[in-house]
Amino acid sequence: MSEKLDELGDLRRTHYTKDISSDIAGEEIVLAGWVRNWRDLGGLKFVNLQDKYGERQVTIKKGVVSDDVFEKAELGYQDCIILKGTVKAFEKAPGGIEIIPTELRILNKTPEKLPIDMTGESVSALDLRLDHRALDLRSLRNQAIFRIRGEVLRAIREFLFTHDFTEMTTPKIIGSATEGGTELFPIMYFDKEAFLTQSAQLYKEQLSGVYERVFELSPCFRAEKSHTKRHLCEIFVLDIEMAFADMSDVLETLENLIYNVIKRVRENEMESLEFLHMEDKTVLPEIPFPRYKYEEIIELINTKLGIPLEFGEDIPTEAYRKLGEELQGYYYITHWPYEIKPFYIQQSENPKYSESFDLQKGWLELTSGGTRVHNKNKLTQALEDKGLNPEAFKSHLQTFDYGMPPHAGVGLGIARWITILCGLDDIREAVMYPRTPDRLHP
Ligand code: AMO
């Protein structure tokens with residue numbers, strides 16, 4: 001094996017693998033990427049060159065390519081290469097195309113044995129993959145997941161921009177708790193204690209009184225020691241807030257958003273869905289989504305699913321799992337007990353309930369949201385009732401003095417939704433570098 005590496009020099013990529021088709025047969029092109037797989041049959045070597053869009057077969061036959069290229073083509077998994085070659089239509093090659101190289105440069109070599117399988121023939125254990133995440137992310141499976149994620153984020157932004165939303169960016173370092181004292185990561189802010197934000201909640205409410213319809217896609221931090229397949233300590237959340245609106249407007253906007261984003265993913269990322277075998281599962285949902293009141297769900301869980309639950313209890317995982325077998329699509333659970341909702345959620349006319357909702361997909365909660373309290377006195381009272389100190393929320397409460405409009409909003413956990421859209425078993429797969437109680441590296 002030649003250990004000498006080549007320089008990139010003046011060679012530059014002319015095409016990505018996705019641009020190579022029989023339409024350009026005969027043309028000279030330059031491809032760059034990594035060796036996903038290779039076979040050496042003596043006088044004939046096959047290399048699968050992979051880039052960010054997919055892969056192409058490079059065929060290196062003694063006597064057809066130069067001796068120099070033939071000898072150099074002693075490659076290992078994930079070696080980084082750039083090559084010049086001609087495109088040749090060849091029915092038996094994947095995609096009906098192969099590349100015959102005229103020049104090959106090896107830009108970086110890998111160790112003989114990689115820590116995880118990169119050929120796609122097997123999937124290594126997730127923890128091992130996460131330990132070597134930058135390498136792991138290069139797998140075709142991960143490329144499909146994160147192309148879908150990219151499309152989801154782009155489609156969310158486009159949908160919201162075309163519906164008069166303004167994108168906001170709110171601070172992630174905060175001076176006091178957002179929704180109550182728990183689940184916060186304290187940090188040192190010079191000589192003071194500060195926190196990593198748990199939610200954009202208060203800022204999005206304030207900004208709904210400025211830009212009327214606002215959204216943000218940003219990280220939030222949850223110091224929850226949950227070891228489940230749906231909890232992370234750093235989450236990426238779509239926050240939405242709408243002024244001159246109540247919960248019913250948010251329910252409608254959210255289901256339209258979900259519908260349009262899935263439509264876009266199907267239009268632009270069908271190959272990725274197919275790669276993940278999700279083309280028949282991540283389908284356009286029917287809108288409007290079914291709406292069930294919390295009380296109806298509790299009733300269903302008690303009677304049909306046989307799990308005893310009382311009004312006022314949060315729904316335990318076991319019950320959600322069973323519920324997901326019963327209700328497999330997207331659906332809303334509305335009017336949660338006021339008692340278990342945060343201070344900013346409006347109480348219903350019947351004080352037992354609140355103007356709140358969750359969006360569910362099967363067993364998994366994707367969002368929380370609701371109508372907010374916009375009257376300062378009521379909000380101050382609600383803080384007290386929930387055992388919080390209004391003094392700590394002084395600057396937030398002040399903004400309610402200046403004509404705060406009625407408003408409502410929602411927060412959607414992006415990784416949870418990607419887990420659903422991509423059919424993943426563990427939320428950590430939906431994040432490039434997940435943070436959990438056990439994982440702070442890489
Ligand atoms: P909530 O705390 O329910 O609501 O968070 C909103 C959504 O974020 C996701 N999520 C999580 N995902 C992974 N790991 C976690 N530890 C985690 N915690 C939450 C879920 C959840 O539905 N301020 C409100 C939103 C609002 O009322 O607008 C809030 O933060 O998908």
# chains A, B, ... in the order shown; residues from 1 in each chain; ligands from 1

call {"tool": "residues_around", "arguments": {"residues": "Arg157 (chain A)", "least_positions_apart": "6", "cutoff": "9 Å", "atoms": "only C-alpha atoms", "output": "MDAnalysis selection string"}}
result
chainID A and resid 165 167 215 217

call {"tool": "residues_near_ligand", "arguments": {"ligand": "ligand 1", "cutoff": "7 Å", "atoms": "only C-alpha atoms and all ligand atoms", "output": "MDAnalysis selection string"}}
result
chainID A and resid 198:201 222 224 230:233 235 237 239:240 358 365:370 409:416

call {"tool": "write_last_selection", "arguments": {"atoms": "N, CA and C atoms", "output": "PDB file, in the first residue's frame"}}
result
ATOM      1  N   GLN A 198     -34.203  27.059  28.556  1.00  0.00           N
ATOM      2  CA  GLN A 198     -34.939  25.803  28.483  1.00  0.00           C
ATOM      3  C   GLN A 198     -36.006  25.910  27.391  1.00  0.00           C
ATOM      4  N   SER A 199     -36.350  27.161  27.047  1.00  0.00           N
ATOM      5  CA  SER A 199     -37.385  27.410  26.048  1.00  0.00           C
ATOM      6  C   SER A 199     -37.360  28.892  25.670  1.00  0.00           C
ATOM      7  N   ALA A 200     -37.752  29.179  24.432  1.00  0.00           N
ATOM      8  CA  ALA A 200     -37.840  30.587  23.995  1.00  0.00           C
ATOM      9  C   ALA A 200     -39.172  31.205  24.429  1.00  0.00           C
ATOM     10  N   GLN A 201     -39.891  30.494  25.297  1.00  0.00           N
ATOM     11  CA  GLN A 201     -41.266  30.843  25.634  1.00  0.00           C
ATOM     12  C   GLN A 201     -41.503  32.330  25.913  1.00  0.00           C
ATOM     13  N   ARG A 222     -32.236  21.073  28.394  1.00  0.00           N
ATOM     14  CA  ARG A 222     -33.070  20.467  29.431  1.00  0.00           C
ATOM     15  C   ARG A 222     -32.203  19.564  30.307  1.00  0.00           C
ATOM     16  N   GLU A 224     -32.565  17.185  32.190  1.00  0.00           N
ATOM     17  CA  GLU A 224     -33.380  16.060  32.655  1.00  0.00           C
ATOM     18  C   GLU A 224     -32.532  14.816  32.599  1.00  0.00           C
ATOM     19  N   ARG A 230     -36.349   8.950  23.647  1.00  0.00           N
ATOM     20  CA  ARG A 230     -36.979  10.161  23.115  1.00  0.00           C
ATOM     21  C   ARG A 230     -36.587  11.436  23.858  1.00  0.00           C
ATOM     22  N   HIS A 231     -35.619  11.326  24.758  1.00  0.00           N
ATOM     23  CA  HIS A 231     -35.177  12.507  25.501  1.00  0.00           C
ATOM     24  C   HIS A 231     -33.722  12.867  25.219  1.00  0.00           C
ATOM     25  N   LEU A 232     -33.500  14.155  25.068  1.00  0.00           N
ATOM     26  CA  LEU A 232     -32.154  14.685  24.891  1.00  0.00           C
ATOM     27  C   LEU A 232     -31.971  15.819  25.896  1.00  0.00           C
ATOM     28  N   CYS A 233     -30.719  16.199  26.148  1.00  0.00           N
ATOM     29  CA  CYS A 233     -30.471  17.340  27.045  1.00  0.00           C
ATOM     30  C   CYS A 233     -30.309  18.634  26.257  1.00  0.00           C
ATOM     31  N   ILE A 235     -31.955  20.186  22.902  1.00  0.00           N
ATOM     32  CA  ILE A 235     -32.971  19.921  21.876  1.00  0.00           C
ATOM     33  C   ILE A 235     -33.004  21.088  20.901  1.00  0.00           C
ATOM     34  N   VAL A 237     -35.635  23.220  18.721  1.00  0.00           N
ATOM     35  CA  VAL A 237     -37.089  23.393  18.796  1.00  0.00           C
ATOM     36  C   VAL A 237     -37.573  24.427  17.784  1.00  0.00           C
ATOM     37  N   ASP A 239     -40.156  27.102  17.601  1.00  0.00           N
ATOM     38  CA  ASP A 239     -41.069  27.864  18.448  1.00  0.00           C
ATOM     39  C   ASP A 239     -41.889  28.793  17.583  1.00  0.00           C
ATOM     40  N   ILE A 240     -43.188  28.801  17.815  1.00  0.00           N
ATOM     41  CA  ILE A 240     -44.102  29.637  17.042  1.00  0.00           C
ATOM     42  C   ILE A 240     -44.984  30.402  18.017  1.00  0.00           C
ATOM     43  N   ASP A 358     -51.384  19.117  22.921  1.00  0.00           N
ATOM     44  CA  ASP A 358     -50.177  18.437  22.429  1.00  0.00           C
ATOM     45  C   ASP A 358     -50.513  17.925  21.048  1.00  0.00           C
ATOM     46  N   GLU A 365     -45.166  12.313  21.634  1.00  0.00           N
ATOM     47  CA  GLU A 365     -45.548  13.733  21.720  1.00  0.00           C
ATOM     48  C   GLU A 365     -44.570  14.565  20.895  1.00  0.00           C
ATOM     49  N   LEU A 366     -45.113  15.333  19.963  1.00  0.00           N
ATOM     50  CA  LEU A 366     -44.249  16.164  19.116  1.00  0.00           C
ATOM     51  C   LEU A 366     -44.229  17.622  19.554  1.00  0.00           C
ATOM     52  N   THR A 367     -45.347  18.094  20.102  1.00  0.00           N
ATOM     53  CA  THR A 367     -45.404  19.514  20.483  1.00  0.00           C
ATOM     54  C   THR A 367     -46.208  19.718  21.763  1.00  0.00           C
ATOM     55  N   SER A 368     -45.994  20.898  22.346  1.00  0.00           N
ATOM     56  CA  SER A 368     -46.925  21.424  23.366  1.00  0.00           C
ATOM     57  C   SER A 368     -47.267  22.834  22.956  1.00  0.00           C
ATOM     58  N   GLY A 369     -48.446  23.260  23.296  1.00  0.00           N
ATOM     59  CA  GLY A 369     -48.809  24.641  22.964  1.00  0.00           C
ATOM     60  C   GLY A 369     -50.132  25.013  23.586  1.00  0.00           C
ATOM     61  N   GLY A 370     -50.567  26.235  23.274  1.00  0.00           N
ATOM     62  CA  GLY A 370     -51.855  26.674  23.798  1.00  0.00           C
ATOM     63  C   GLY A 370     -52.051  28.162  23.711  1.00  0.00           C
ATOM     64  N   GLY A 409     -49.454  29.916  20.944  1.00  0.00           N
ATOM     65  CA  GLY A 409     -48.283  29.397  20.224  1.00  0.00           C
ATOM     66  C   GLY A 409     -48.020  27.944  20.528  1.00  0.00           C
ATOM     67  N   VAL A 410     -46.883  27.487  20.010  1.00  0.00           N
ATOM     68  CA  VAL A 410     -46.551  26.068  20.116  1.00  0.00           C
ATOM     69  C   VAL A 410     -45.040  25.884  20.006  1.00  0.00           C
ATOM     70  N   GLY A 411     -44.540  24.799  20.606  1.00  0.00           N
ATOM     71  CA  GLY A 411     -43.135  24.410  20.464  1.00  0.00           C
ATOM     72  C   GLY A 411     -43.066  22.975  19.975  1.00  0.00           C
ATOM     73  N   LEU A 412     -42.293  22.767  18.898  1.00  0.00           N
ATOM     74  CA  LEU A 412     -42.190  21.420  18.300  1.00  0.00           C
ATOM     75  C   LEU A 412     -40.745  20.950  18.363  1.00  0.00           C
ATOM     76  N   GLY A 413     -40.539  19.774  18.930  1.00  0.00           N
ATOM     77  CA  GLY A 413     -39.192  19.191  19.023  1.00  0.00           C
ATOM     78  C   GLY A 413     -38.803  18.595  17.682  1.00  0.00           C
ATOM     79  N   ILE A 414     -37.796  19.213  17.053  1.00  0.00           N
ATOM     80  CA  ILE A 414     -37.429  18.787  15.688  1.00  0.00           C
ATOM     81  C   ILE A 414     -36.934  17.336  15.677  1.00  0.00           C
ATOM     82  N   ALA A 415     -36.091  16.970  16.633  1.00  0.00           N
ATOM     83  CA  ALA A 415     -35.530  15.613  16.605  1.00  0.00           C
ATOM     84  C   ALA A 415     -36.637  14.564  16.766  1.00  0.00           C
ATOM     85  N   ARG A 416     -37.644  14.882  17.584  1.00  0.00           N
ATOM     86  CA  ARG A 416     -38.756  13.934  17.740  1.00  0.00           C
ATOM     87  C   ARG A 416     -39.451  13.716  16.392  1.00  0.00           C
TER      88      ARG A 416
END

call {"tool": "residues_around", "arguments": {"residues": "Arg129 (chain A)", "least_positions_apart": "2", "cutoff": "12 Å", "atoms": "only C-alpha atoms", "output": "number ranges by chain"}}
result
A: 114-118, 122-127, 131-139, 142, 428-429, 432-434, 442

call {"tool": "write_last_selection", "arguments": {"atoms": "N, CA, C and O atoms", "output": "short mmCIF file (atom, residue, chain, number, x, y, z; two decimals), in the first residue's frame"}}
result
data_model
loop_
_atom_site.label_atom_id
_atom_site.label_comp_id
_atom_site.auth_asym_id
_atom_site.auth_seq_id
_atom_site.Cartn_x
_atom_site.Cartn_y
_atom_site.Cartn_z
N LEU A 114 -11.66 -0.01 10.27
CA LEU A 114 -12.43 1.12 10.77
C LEU A 114 -13.19 0.71 12.04
O LEU A 114 -13.56 -0.46 12.17
N PRO A 115 -13.46 1.65 12.94
CA PRO A 115 -14.14 1.28 14.20
C PRO A 115 -15.60 0.86 13.99
O PRO A 115 -16.18 0.18 14.83
N ILE A 116 -16.20 1.31 12.88
CA ILE A 116 -17.61 0.96 12.62
C ILE A 116 -17.75 0.55 11.16
O ILE A 116 -16.92 0.90 10.33
N ASP A 117 -18.83 -0.17 10.87
CA ASP A 117 -19.06 -0.60 9.49
C ASP A 117 -19.51 0.57 8.64
O ASP A 117 -20.47 1.25 8.98
N MET A 118 -18.82 0.79 7.55
CA MET A 118 -19.18 1.91 6.67
C MET A 118 -19.62 1.41 5.30
O MET A 118 -19.86 2.20 4.40
N SER A 122 -23.88 -3.78 7.37
CA SER A 122 -24.48 -3.95 8.71
C SER A 122 -24.50 -2.58 9.38
O SER A 122 -23.83 -1.67 8.93
N VAL A 123 -25.30 -2.47 10.45
CA VAL A 123 -25.34 -1.20 11.19
C VAL A 123 -24.69 -1.46 12.54
O VAL A 123 -25.17 -2.28 13.32
N SER A 124 -23.59 -0.78 12.82
CA SER A 124 -22.91 -0.98 14.11
C SER A 124 -23.76 -0.42 15.24
O SER A 124 -24.67 0.38 15.02
N ALA A 125 -23.42 -0.83 16.48
CA ALA A 125 -24.18 -0.38 17.66
C ALA A 125 -24.16 1.14 17.73
O ALA A 125 -23.14 1.78 17.45
N LEU A 126 -25.30 1.72 18.13
CA LEU A 126 -25.44 3.18 18.08
C LEU A 126 -24.40 3.90 18.94
O LEU A 126 -23.82 4.89 18.51
N ASP A 127 -24.12 3.39 20.14
CA ASP A 127 -23.15 4.08 21.00
C ASP A 127 -21.77 4.12 20.36
O ASP A 127 -21.08 5.14 20.40
N ASP A 131 -19.66 7.42 19.12
CA ASP A 131 -18.28 7.70 19.53
C ASP A 131 -17.44 8.15 18.33
O ASP A 131 -16.44 8.83 18.49
N HIS A 132 -17.85 7.70 17.15
CA HIS A 132 -17.10 8.03 15.92
C HIS A 132 -18.05 8.75 14.97
O HIS A 132 -18.18 8.38 13.81
N ARG A 133 -18.73 9.77 15.50
CA ARG A 133 -19.88 10.33 14.80
C ARG A 133 -19.52 10.96 13.45
O ARG A 133 -20.27 10.81 12.49
N ALA A 134 -18.39 11.67 13.36
CA ALA A 134 -18.09 12.35 12.09
C ALA A 134 -17.94 11.32 10.98
O ALA A 134 -18.36 11.53 9.84
N LEU A 135 -17.34 10.19 11.30
CA LEU A 135 -17.23 9.10 10.32
C LEU A 135 -18.60 8.49 10.06
O LEU A 135 -19.02 8.32 8.92
N ASP A 136 -19.30 8.21 11.13
CA ASP A 136 -20.62 7.58 11.03
C ASP A 136 -21.60 8.41 10.18
O ASP A 136 -22.37 7.86 9.39
N LEU A 137 -21.52 9.72 10.33
CA LEU A 137 -22.47 10.60 9.61
C LEU A 137 -22.30 10.49 8.10
O LEU A 137 -23.19 10.83 7.34
N ARG A 138 -21.14 9.97 7.69
CA ARG A 138 -20.89 9.84 6.25
C ARG A 138 -21.65 8.65 5.64
O ARG A 138 -21.72 8.52 4.43
N SER A 139 -22.20 7.79 6.48
CA SER A 139 -22.89 6.61 5.93
C SER A 139 -24.09 7.04 5.10
O SER A 139 -24.68 8.10 5.34
N ASN A 142 -27.14 7.76 7.21
CA ASN A 142 -27.15 9.07 7.87
C ASN A 142 -27.32 10.20 6.88
O ASN A 142 -27.93 11.22 7.19
N ARG A 428 -31.51 9.76 19.34
CA ARG A 428 -30.12 10.17 19.15
C ARG A 428 -29.68 10.06 17.70
O ARG A 428 -28.77 10.74 17.25
N GLU A 429 -30.37 9.19 16.96
CA GLU A 429 -30.05 9.05 15.53
C GLU A 429 -30.46 10.27 14.72
O GLU A 429 -30.00 10.46 13.59
N MET A 432 -27.08 15.28 14.97
CA MET A 432 -25.71 15.04 14.52
C MET A 432 -24.80 14.69 15.69
O MET A 432 -24.06 13.71 15.65
N TYR A 433 -24.85 15.52 16.73
CA TYR A 433 -24.03 15.25 17.92
C TYR A 433 -24.94 15.32 19.15
O TYR A 433 -25.07 16.38 19.78
N PRO A 434 -25.60 14.22 19.49
CA PRO A 434 -26.57 14.27 20.59
C PRO A 434 -25.93 14.51 21.95
O PRO A 434 -24.81 14.08 22.21
N PRO A 442 -18.62 13.05 21.28
CA PRO A 442 -17.95 14.20 20.66
C PRO A 442 -18.98 15.31 20.49
O PRO A 442 -20.15 15.05 20.54
#

call {"tool": "select_by_dssp", "arguments": {"residues": "region 132-370 of chain A", "states": "alpha helix (DSSP H)", "output": "compact mmCIF listing (two decimals) with N, CA and C atoms, in the first residue's frame"}}
result
# COMPACT_ATOMS: atom_id res chain seq x y z
N ARG A 133 -18.73 9.77 15.50
CA ARG A 133 -19.88 10.33 14.80
C ARG A 133 -19.52 10.96 13.45
N ALA A 134 -18.39 11.67 13.36
CA ALA A 134 -18.09 12.35 12.09
C ALA A 134 -17.94 11.32 10.98
N LEU A 135 -17.34 10.19 11.30
CA LEU A 135 -17.23 9.10 10.32
C LEU A 135 -18.60 8.49 10.06
N ASP A 136 -19.30 8.21 11.13
CA ASP A 136 -20.62 7.58 11.03
C ASP A 136 -21.60 8.41 10.18
N LEU A 140 -24.45 6.21 4.15
CA LEU A 140 -25.56 6.57 3.25
C LEU A 140 -26.85 6.72 4.05
N ARG A 141 -26.99 5.89 5.09
CA ARG A 141 -28.18 5.97 5.95
C ARG A 141 -28.26 7.34 6.63
N ASN A 142 -27.14 7.76 7.21
CA ASN A 142 -27.15 9.07 7.87
C ASN A 142 -27.32 10.20 6.88
N GLN A 143 -26.75 10.03 5.70
CA GLN A 143 -26.92 11.09 4.70
C GLN A 143 -28.40 11.25 4.36
N ALA A 144 -29.10 10.12 4.31
CA ALA A 144 -30.55 10.18 4.01
C ALA A 144 -31.27 10.89 5.16
N ILE A 145 -30.95 10.52 6.39
CA ILE A 145 -31.62 11.12 7.56
C ILE A 145 -31.40 12.64 7.58
N PHE A 146 -30.16 13.05 7.36
CA PHE A 146 -29.89 14.48 7.51
C PHE A 146 -30.25 15.29 6.27
N ARG A 147 -30.39 14.61 5.13
CA ARG A 147 -30.98 15.34 3.99
C ARG A 147 -32.45 15.61 4.25
N ILE A 148 -33.12 14.63 4.83
CA ILE A 148 -34.54 14.83 5.19
C ILE A 148 -34.64 15.95 6.23
N ARG A 149 -33.78 15.91 7.22
CA ARG A 149 -33.81 16.97 8.25
C ARG A 149 -33.61 18.34 7.61
N GLY A 150 -32.65 18.43 6.71
CA GLY A 150 -32.38 19.69 6.04
C GLY A 150 -33.60 20.19 5.28
N GLU A 151 -34.25 19.26 4.60
CA GLU A 151 -35.44 19.63 3.82
C GLU A 151 -36.57 20.07 4.76
N VAL A 152 -36.70 19.39 5.89
CA VAL A 152 -37.73 19.75 6.87
C VAL A 152 -37.51 21.19 7.35
N LEU A 153 -36.28 21.51 7.70
CA LEU A 153 -36.00 22.86 8.23
C LEU A 153 -36.24 23.92 7.17
N ARG A 154 -35.83 23.61 5.93
CA ARG A 154 -36.03 24.57 4.85
C ARG A 154 -37.53 24.78 4.59
N ALA A 155 -38.27 23.66 4.58
CA ALA A 155 -39.70 23.74 4.28
C ALA A 155 -40.47 24.46 5.40
N ILE A 156 -40.03 24.25 6.64
CA ILE A 156 -40.67 24.97 7.77
C ILE A 156 -40.49 26.46 7.57
N ARG A 157 -39.25 26.86 7.29
CA ARG A 157 -38.99 28.30 7.12
C ARG A 157 -39.82 28.86 5.97
N GLU A 158 -39.83 28.14 4.85
CA GLU A 158 -40.56 28.66 3.69
C GLU A 158 -42.05 28.78 3.98
N PHE A 159 -42.59 27.77 4.64
CA PHE A 159 -44.02 27.81 4.97
C PHE A 159 -44.31 29.02 5.85
N LEU A 160 -43.49 29.21 6.87
CA LEU A 160 -43.77 30.30 7.82
C LEU A 160 -43.55 31.67 7.18
N PHE A 161 -42.50 31.79 6.36
CA PHE A 161 -42.28 33.09 5.69
C PHE A 161 -43.47 33.43 4.78
N GLN A 201 -39.89 30.49 25.30
CA GLN A 201 -41.27 30.84 25.63
C GLN A 201 -41.50 32.33 25.91
N LEU A 202 -40.78 32.87 26.89
CA LEU A 202 -41.10 34.24 27.30
C LEU A 202 -40.77 35.23 26.20
N TYR A 203 -39.67 35.02 25.52
CA TYR A 203 -39.27 35.95 24.45
C TYR A 203 -40.24 35.87 23.27
N LYS A 204 -40.69 34.66 22.95
CA LYS A 204 -41.59 34.59 21.80
C LYS A 204 -42.92 35.26 22.13
N GLU A 205 -43.34 35.14 23.38
CA GLU A 205 -44.57 35.85 23.77
C GLU A 205 -44.36 37.36 23.65
N GLN A 206 -43.23 37.83 24.17
CA GLN A 206 -42.97 39.28 24.09
C GLN A 206 -42.94 39.74 22.64
N LEU A 207 -42.29 38.95 21.79
CA LEU A 207 -42.13 39.38 20.39
C LEU A 207 -43.41 39.24 19.58
N SER A 208 -44.35 38.44 20.08
CA SER A 208 -45.65 38.38 19.39
C SER A 208 -46.36 39.73 19.54
N MET A 247 -55.77 29.23 20.61
CA MET A 247 -55.30 27.88 20.32
C MET A 247 -55.82 27.35 18.98
N SER A 248 -57.08 27.68 18.64
CA SER A 248 -57.65 27.11 17.42
C SER A 248 -56.87 27.57 16.18
N ASP A 249 -56.35 28.80 16.20
CA ASP A 249 -55.55 29.28 15.07
C ASP A 249 -54.22 28.53 14.98
N VAL A 250 -53.66 28.23 16.14
CA VAL A 250 -52.38 27.52 16.15
C VAL A 250 -52.58 26.08 15.66
N LEU A 251 -53.65 25.45 16.10
CA LEU A 251 -53.94 24.07 15.67
C LEU A 251 -54.01 24.01 14.15
N GLU A 252 -54.67 25.00 13.59
CA GLU A 252 -54.84 25.02 12.13
C GLU A 252 -53.52 25.30 11.41
N THR A 253 -52.78 26.28 11.91
CA THR A 253 -51.48 26.61 11.29
C THR A 253 -50.54 25.41 11.39
N LEU A 254 -50.51 24.79 12.55
CA LEU A 254 -49.59 23.68 12.76
C LEU A 254 -49.91 22.50 11.84
N GLU A 255 -51.18 22.16 11.69
CA GLU A 255 -51.47 21.00 10.84
C GLU A 255 -51.18 21.31 9.37
N ASN A 256 -51.39 22.56 8.99
CA ASN A 256 -51.03 22.95 7.62
C ASN A 256 -49.53 22.90 7.41
N LEU A 257 -48.80 23.33 8.44
CA LEU A 257 -47.34 23.29 8.36
C LEU A 257 -46.87 21.83 8.22
N ILE A 258 -47.39 20.96 9.08
CA ILE A 258 -46.99 19.54 9.05
C ILE A 258 -47.27 18.96 7.66
N TYR A 259 -48.45 19.25 7.15
CA TYR A 259 -48.86 18.73 5.84
C TYR A 259 -47.90 19.22 4.74
N ASN A 260 -47.64 20.52 4.75
CA ASN A 260 -46.80 21.09 3.70
C ASN A 260 -45.35 20.63 3.77
N VAL A 261 -44.85 20.45 4.98
CA VAL A 261 -43.47 20.00 5.12
C VAL A 261 -43.35 18.56 4.61
N ILE A 262 -44.30 17.71 4.96
CA ILE A 262 -44.24 16.32 4.48
C ILE A 262 -44.35 16.29 2.95
N LYS A 263 -45.19 17.16 2.43
CA LYS A 263 -45.34 17.23 0.97
C LYS A 263 -43.99 17.57 0.33
N ARG A 264 -43.31 18.53 0.92
CA ARG A 264 -42.01 18.94 0.38
C ARG A 264 -40.97 17.83 0.51
N VAL A 265 -40.99 17.13 1.62
CA VAL A 265 -40.03 16.03 1.81
C VAL A 265 -40.29 14.96 0.76
N ARG A 266 -41.55 14.67 0.49
CA ARG A 266 -41.89 13.65 -0.51
C ARG A 266 -41.49 14.12 -1.92
N GLU A 267 -41.64 15.41 -2.17
CA GLU A 267 -41.27 15.93 -3.50
C GLU A 267 -39.76 15.93 -3.70
N ASN A 268 -39.05 16.33 -2.66
CA ASN A 268 -37.61 16.58 -2.86
C ASN A 268 -36.68 15.52 -2.26
N MET A 270 -37.58 11.98 -1.88
CA MET A 270 -38.17 10.64 -1.99
C MET A 270 -37.10 9.55 -1.96
N GLU A 271 -35.95 9.82 -2.60
CA GLU A 271 -34.89 8.80 -2.59
C GLU A 271 -34.41 8.52 -1.17
N SER A 272 -34.33 9.58 -0.37
CA SER A 272 -33.89 9.38 1.02
C SER A 272 -34.95 8.58 1.78
N LEU A 273 -36.23 8.91 1.54
CA LEU A 273 -37.30 8.15 2.20
C LEU A 273 -37.23 6.69 1.79
N GLU A 274 -36.98 6.46 0.51
CA GLU A 274 -36.89 5.07 0.02
C GLU A 274 -35.72 4.34 0.66
N PHE A 275 -34.61 5.05 0.78
CA PHE A 275 -33.43 4.44 1.39
C PHE A 275 -33.77 3.95 2.80
N TYR A 294 -58.30 15.80 26.41
CA TYR A 294 -57.54 15.02 27.39
C TYR A 294 -58.46 14.02 28.08
N GLU A 295 -59.64 14.48 28.46
CA GLU A 295 -60.55 13.62 29.21
C GLU A 295 -61.00 12.39 28.39
N GLU A 296 -61.19 12.62 27.08
CA GLU A 296 -61.57 11.49 26.21
C GLU A 296 -60.43 10.47 26.13
N ILE A 297 -59.20 11.00 26.09
CA ILE A 297 -58.03 10.12 25.99
C ILE A 297 -57.88 9.30 27.28
N ILE A 298 -58.08 9.97 28.40
CA ILE A 298 -57.99 9.29 29.70
C ILE A 298 -59.03 8.16 29.76
N GLU A 299 -60.20 8.49 29.27
CA GLU A 299 -61.30 7.53 29.24
C GLU A 299 -60.93 6.31 28.38
N LEU A 300 -60.36 6.60 27.21
CA LEU A 300 -59.94 5.54 26.29
C LEU A 300 -58.87 4.65 26.93
N ILE A 301 -57.91 5.33 27.60
CA ILE A 301 -56.82 4.58 28.23
C ILE A 301 -57.38 3.71 29.36
N ASN A 302 -58.32 4.26 30.11
CA ASN A 302 -58.90 3.51 31.22
C ASN A 302 -59.73 2.33 30.75
N THR A 303 -60.62 2.59 29.80
CA THR A 303 -61.59 1.57 29.45
C THR A 303 -61.06 0.60 28.40
N THR A 317 -45.59 6.76 29.90
CA THR A 317 -45.07 6.20 28.64
C THR A 317 -45.81 4.94 28.21
N GLU A 318 -46.04 4.07 29.17
CA GLU A 318 -46.70 2.79 28.86
C GLU A 318 -48.07 3.04 28.20
N ALA A 319 -48.78 4.04 28.74
CA ALA A 319 -50.10 4.36 28.19
C ALA A 319 -49.98 4.99 26.80
N TYR A 320 -48.98 5.85 26.64
CA TYR A 320 -48.75 6.45 25.31
C TYR A 320 -48.46 5.36 24.28
N ARG A 321 -47.63 4.40 24.68
CA ARG A 321 -47.27 3.31 23.76
C ARG A 321 -48.53 2.59 23.27
N LYS A 322 -49.41 2.29 24.21
CA LYS A 322 -50.65 1.58 23.85
C LYS A 322 -51.57 2.47 23.03
N LEU A 323 -51.59 3.74 23.40
CA LEU A 323 -52.42 4.70 22.69
C LEU A 323 -51.98 4.78 21.22
N GLY A 324 -50.67 4.71 21.03
CA GLY A 324 -50.10 4.79 19.69
C GLY A 324 -50.52 3.62 18.80
N GLU A 325 -50.84 2.49 19.43
CA GLU A 325 -51.33 1.35 18.63
C GLU A 325 -52.75 1.63 18.17
N GLU A 326 -53.48 2.36 19.00
CA GLU A 326 -54.88 2.68 18.72
C GLU A 326 -54.98 3.84 17.73

call {"tool": "residues_around", "arguments": {"residues": "region 393-399 of chain A", "least_positions_apart": "4", "cutoff": "10 Å", "atoms": "only C-alpha atoms", "output": "NGL selection string"}}
result
:A and (176-178 or 202-203 or 205-207 or 209 or 374-377 or 379-380 or 383 or 388-389 or 403-404)

call {"tool": "closest_residue", "arguments": {"among": "A:Lys52, A:Leu8, A:Met168, A:Pro285", "to": "Val210 (chain A)", "atoms": "only C-alpha atoms"}}
result
A:Met168

call {"tool": "atom_distance", "arguments": {"atom1": "CA of Leu31 (chain A)", "atom2": "CA of Phe46 (chain A)"}}
result
15.2 Å

call {"tool": "closest_residue", "arguments": {"among": "A:Ile315, A:Trp363, A:Arg213, A:Arg372", "to": "Phe343 (chain A)", "atoms": "only C-alpha atoms"}}
result
A:Arg372

call {"tool": "residues_around", "arguments": {"residues": "Arg13 (chain A)", "least_positions_apart": "4", "cutoff": "8 Å", "atoms": "only C-alpha atoms", "output": "ChimeraX atom specification"}}
result
/A:29-32,82

call {"tool": "closest_residue", "arguments": {"among": "A:Leu440, A:Ile420, A:Ile100, A:Ala73", "to": "Lys281 (chain A)", "atoms": "only C-alpha atoms"}}
result
A:Ile420
